[in-house]
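Down below is the structure, laid out as structure tokens.
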Amino acid sequence: MTTSPVSRDGHSSATPIPMDAASLESILCTEELYRRQSRPPDYERENNALGELANALADSPRTILQTLAETILAVCESDSAGISLLSTEGGGKSFYWPAIAGQWKPHIGGGTPRDFGPCGDVLDRNTTLMFRHVERRYTYFQPVTPAIEECLLVPFYVDGRAVGTIWSIAHDKRHKFDAEDERLMKSLGKFASSAYQMLASLDALKFQIAERGRADAELRTLVNSLELQLQIRTEEVIKQNADSLKQTERFRSISYRLMQVQDDERRRIARELHDSAGQILVALGLNLAAIGLHARQILPQVVIVAEDGQRLVQQLSQEIRTMSYLLHPPLLSETGLPETLRWYVQGLKDRSGLDISLNIPEGFGRLSPEMELVIFRLVQECLTNVHRHSGSKSAAIRIAREAGRVSLEVQDEGKGIPPEKLREIQSQGTGVGIGGMRERIRQLDGHMRIQSSGSGTKISVNFLDPASQPANPERRLATSG
Ligand SMILES: Nc1ncnc2c1ncn2[C@@H]1O[C@H](COP(=O)(O)OP(=O)(O)OP(=O)(O)O)[C@@H](O)[C@H]1O
Ligand SMILES: [Mg+2]
């Protein structure tokens, strides 16, 4: 399976770039990483991975980089993973691979030139980069098997300076990295690098002790204190991670509770508006009509004022009715989702001028009240976003119910979500709108995918169809999103 690894000086910086080498931009696909749907963070798994790293550090500190490579391979479910470090020999002109896990493991000890290779690109730009088919530019990769389909590289810092990279490779087209892989690689890399740094200082001290043939008390104390610091730091990281896991869970349950409170409050205000303010307006309207009738002979001017008042009351009634229905559409529980969405879409078309198409099959039927409300709120938020942010003149909504799934798609032809916003959203950054959508979807074990580019945005959501589920109240616990 293996060929010889890339030789460290396989391409010296003095060698001219091959004529047929593809351009750097043509093999870079980093933007795609943030456009892809990202799997939700699995903090528990991350915490376990950190725990493993910390244990490895306690048991056999020399293998921390190899353990890091193996951990990255496991959490990213990639085909190969490894570390590149700038070689200290020869003035740092090349990278070497001290640790590799997975299919490329036999290439341990190989490396790439500093000035013409993917690791060099990462250091030059000091940021995450994703490449596909690196061999099209860096032709020295051509004989290396298995070939790289896609690889993700993040900088590896020591003392705040990037001195190498951590990488993860997919040899198979079907594997695609997403923003969560980057987050995990950075988080694990950060811990490993601080451990690595302390180990390097320890090594240097021990070397000194072994050289000058005796250890004076001061040096020994320093070694002991460094070892102690390393241990303390390891314990700190594990504790911090466990705390942030708890915080995340707390935050989730609070935000879900807030949304429930918001829904209840909207329902209450909707009822108040409709029942009390609405009824008072009806009475006021009748009074105004009566004044008009009685004053007709004696005070003609009063009639004009009364009629004007009546018109205002009618207008206000209509507005309060619309506001109340938007806050919580009574149609939803009475007639179900299709009818409510038709009413909502028509109203929004009239108010906004957006050309909205709604595709929902005849005989769609009823879902659980919870799911009907969630889908209604999702459509409401998506369309509000299209109207407020996209610049699109149209929006298309498709809702279907097939193969045991309920699916929703809202698509526009606008300018797309700005890349940095999308990156934040994909990495589960918390916002009220899309963040709230995500939380509602999570509560129903659903799944959301956001695709956005310069030609528009498509939000796709799907849930297990409650009708295809056995009537089991534990269902939520047994399925995954
Ligand atoms: N369809 C879209 N087209 C273009 N940009 C969008 C679209 N939907 C969302 N965005 C971008 O994503 C960002 C986040 O959307 P989100 O709904 O979470 O928040 P918001 O709309 O800004 O505020 P709110 O909390 O009131 O919903 C928006 O600010 C906007 O920049
Ligand atoms: Mg919004």
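For the structure tokens, the naming scheme is as follows: chains receive sequential letters (A, B, ...) according to their order of presentation, residues are indexed from 1 within each chain, and ligands are indexed from 1 in presentation order.
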
Q: Produce as a PyMOL selection string the set of residues near ligand 1, where near means within 10 Å with only C-alpha atoms and all ligand atoms considered.
A: chain A and resi 381-392+395+410-422+424-425+429-438+450-459

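Residues of segment 144-369 of chain A that DSSP places in strand (DSSP E), based on the backbone of this structure, are Glu150, Cys151, Leu152, Leu153, Val154, Pro155, Phe156, Tyr157, Val158, Arg161, Ala162, Val163, Gly164, Thr165, Ile166, Trp167, Ser168, Ile169, Ala170, Asp355, Ile356, Ser357, Leu358 and Asn359 of chain A.
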
Save out the residues we just selected, N, CA and C atoms, as a CSV table (one decimal), in the first residue's frame.
```csv
chain,number,residue,atom,x,y,z
A,150,GLU,N,-8.9,15.1,0.1
A,150,GLU,CA,-9.1,16.4,0.8
A,150,GLU,C,-8.3,16.5,2.0
A,151,CYS,N,-7.7,17.6,2.4
A,151,CYS,CA,-7.0,17.6,3.6
A,151,CYS,C,-7.2,19.0,4.3
A,152,LEU,N,-7.3,18.9,5.6
A,152,LEU,CA,-7.6,20.1,6.5
A,152,LEU,C,-6.3,20.3,7.4
A,153,LEU,N,-5.8,21.5,7.4
A,153,LEU,CA,-4.6,21.8,8.2
A,153,LEU,C,-4.9,23.0,9.1
A,154,VAL,N,-4.5,22.9,10.3
A,154,VAL,CA,-4.6,24.1,11.2
A,154,VAL,C,-3.2,24.3,11.8
A,155,PRO,N,-2.8,25.6,12.1
A,155,PRO,CA,-1.5,25.9,12.6
A,155,PRO,C,-1.3,25.2,14.0
A,156,PHE,N,-0.1,24.8,14.2
A,156,PHE,CA,0.3,24.3,15.5
A,156,PHE,C,1.3,25.3,16.2
A,157,TYR,N,0.8,25.9,17.3
A,157,TYR,CA,1.6,27.0,17.9
A,157,TYR,C,2.4,26.5,19.1
A,158,VAL,N,3.6,27.0,19.2
A,158,VAL,CA,4.4,26.8,20.4
A,158,VAL,C,4.9,28.2,20.8
A,161,ARG,N,3.9,31.0,18.6
A,161,ARG,CA,4.4,31.1,17.3
A,161,ARG,C,4.0,29.8,16.5
A,162,ALA,N,3.5,29.9,15.3
A,162,ALA,CA,3.2,28.7,14.5
A,162,ALA,C,4.5,28.1,14.1
A,163,VAL,N,4.7,26.8,14.6
A,163,VAL,CA,5.9,26.1,14.2
A,163,VAL,C,5.6,24.8,13.5
A,164,GLY,N,4.4,24.6,13.1
A,164,GLY,CA,4.0,23.5,12.3
A,164,GLY,C,2.5,23.4,12.1
A,165,THR,N,2.0,22.3,11.7
A,165,THR,CA,0.6,22.1,11.5
A,165,THR,C,0.1,20.8,12.0
A,166,ILE,N,-1.2,20.8,12.2
A,166,ILE,CA,-1.9,19.5,12.6
A,166,ILE,C,-2.8,19.3,11.4
A,167,TRP,N,-2.8,18.0,10.8
A,167,TRP,CA,-3.6,17.8,9.6
A,167,TRP,C,-4.4,16.5,9.7
A,168,SER,N,-5.4,16.6,8.9
A,168,SER,CA,-6.3,15.4,8.8
A,168,SER,C,-6.6,15.2,7.4
A,169,ILE,N,-6.6,14.0,6.9
A,169,ILE,CA,-6.7,13.7,5.5
A,169,ILE,C,-7.9,12.8,5.2
A,170,ALA,N,-8.6,13.0,4.1
A,170,ALA,CA,-9.6,12.1,3.6
A,170,ALA,C,-9.0,11.5,2.3
A,355,ASP,N,-42.3,37.7,-3.7
A,355,ASP,CA,-43.0,36.7,-4.5
A,355,ASP,C,-42.7,35.4,-3.9
A,356,ILE,N,-43.7,34.9,-3.1
A,356,ILE,CA,-43.4,33.6,-2.3
A,356,ILE,C,-44.3,32.5,-2.9
A,357,SER,N,-43.6,31.4,-3.2
A,357,SER,CA,-44.4,30.2,-3.6
A,357,SER,C,-44.4,29.2,-2.5
A,358,LEU,N,-45.5,28.6,-2.3
A,358,LEU,CA,-45.7,27.6,-1.2
A,358,LEU,C,-46.1,26.3,-1.9
A,359,ASN,N,-45.2,25.3,-1.7
A,359,ASN,CA,-45.5,24.0,-2.3
A,359,ASN,C,-45.7,23.0,-1.1
```

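From atom CA of Met448 of chain A back to atom CA of Arg405 of chain A, the distance works out to 13.1 Å.
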
Show me, as a PDB file with N, CA and C atoms, in the first residue's frame, the residues that have an atom within 9 Å of Gln197 of chain A when counting only C-alpha atoms, minus same-chain residues fewer than 4 positions from it.
```pdb
ATOM      1  N   VAL A 158       3.609  26.993  19.211  1.00  0.00           N
ATOM      2  CA  VAL A 158       4.385  26.797  20.430  1.00  0.00           C
ATOM      3  C   VAL A 158       4.896  28.172  20.837  1.00  0.00           C
ATOM      4  N   ASP A 159       4.677  28.541  22.089  1.00  0.00           N
ATOM      5  CA  ASP A 159       5.058  29.874  22.563  1.00  0.00           C
ATOM      6  C   ASP A 159       4.421  30.965  21.713  1.00  0.00           C
ATOM      7  N   ALA A 192      -2.443  20.079  23.387  1.00  0.00           N
ATOM      8  CA  ALA A 192      -1.216  19.321  23.106  1.00  0.00           C
ATOM      9  C   ALA A 192      -0.024  20.251  22.985  1.00  0.00           C
ATOM     10  N   SER A 193      -0.255  21.448  22.413  1.00  0.00           N
ATOM     11  CA  SER A 193       0.896  22.314  22.201  1.00  0.00           C
ATOM     12  C   SER A 193       1.420  22.860  23.524  1.00  0.00           C
ATOM     13  N   SER A 201      10.754  22.221  27.393  1.00  0.00           N
ATOM     14  CA  SER A 201      11.555  22.914  28.401  1.00  0.00           C
ATOM     15  C   SER A 201      12.165  21.905  29.371  1.00  0.00           C
ATOM     16  N   LEU A 202      11.346  20.918  29.741  1.00  0.00           N
ATOM     17  CA  LEU A 202      11.843  19.881  30.644  1.00  0.00           C
ATOM     18  C   LEU A 202      13.026  19.148  30.034  1.00  0.00           C
TER      19      LEU A 202
END
```

Q.
Considering only helix (DSSP H, G or I) as DSSP defines it on the backbone, what residues of segment 162-276 of chain A qualify? List them as a PyMOL selection string.
A. chain A and resi 179-212+217-276

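Using only C-alpha atoms and all ligand atoms, the smallest distance between any of A:Leu326, A:Val379, A:Met371, A:Ala147 and ligand 2 comes from A:Val379.
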
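In this structure, atom CA of Gln142 of chain A sits 18.7 Å away from atom CA of Gly82 of chain A.
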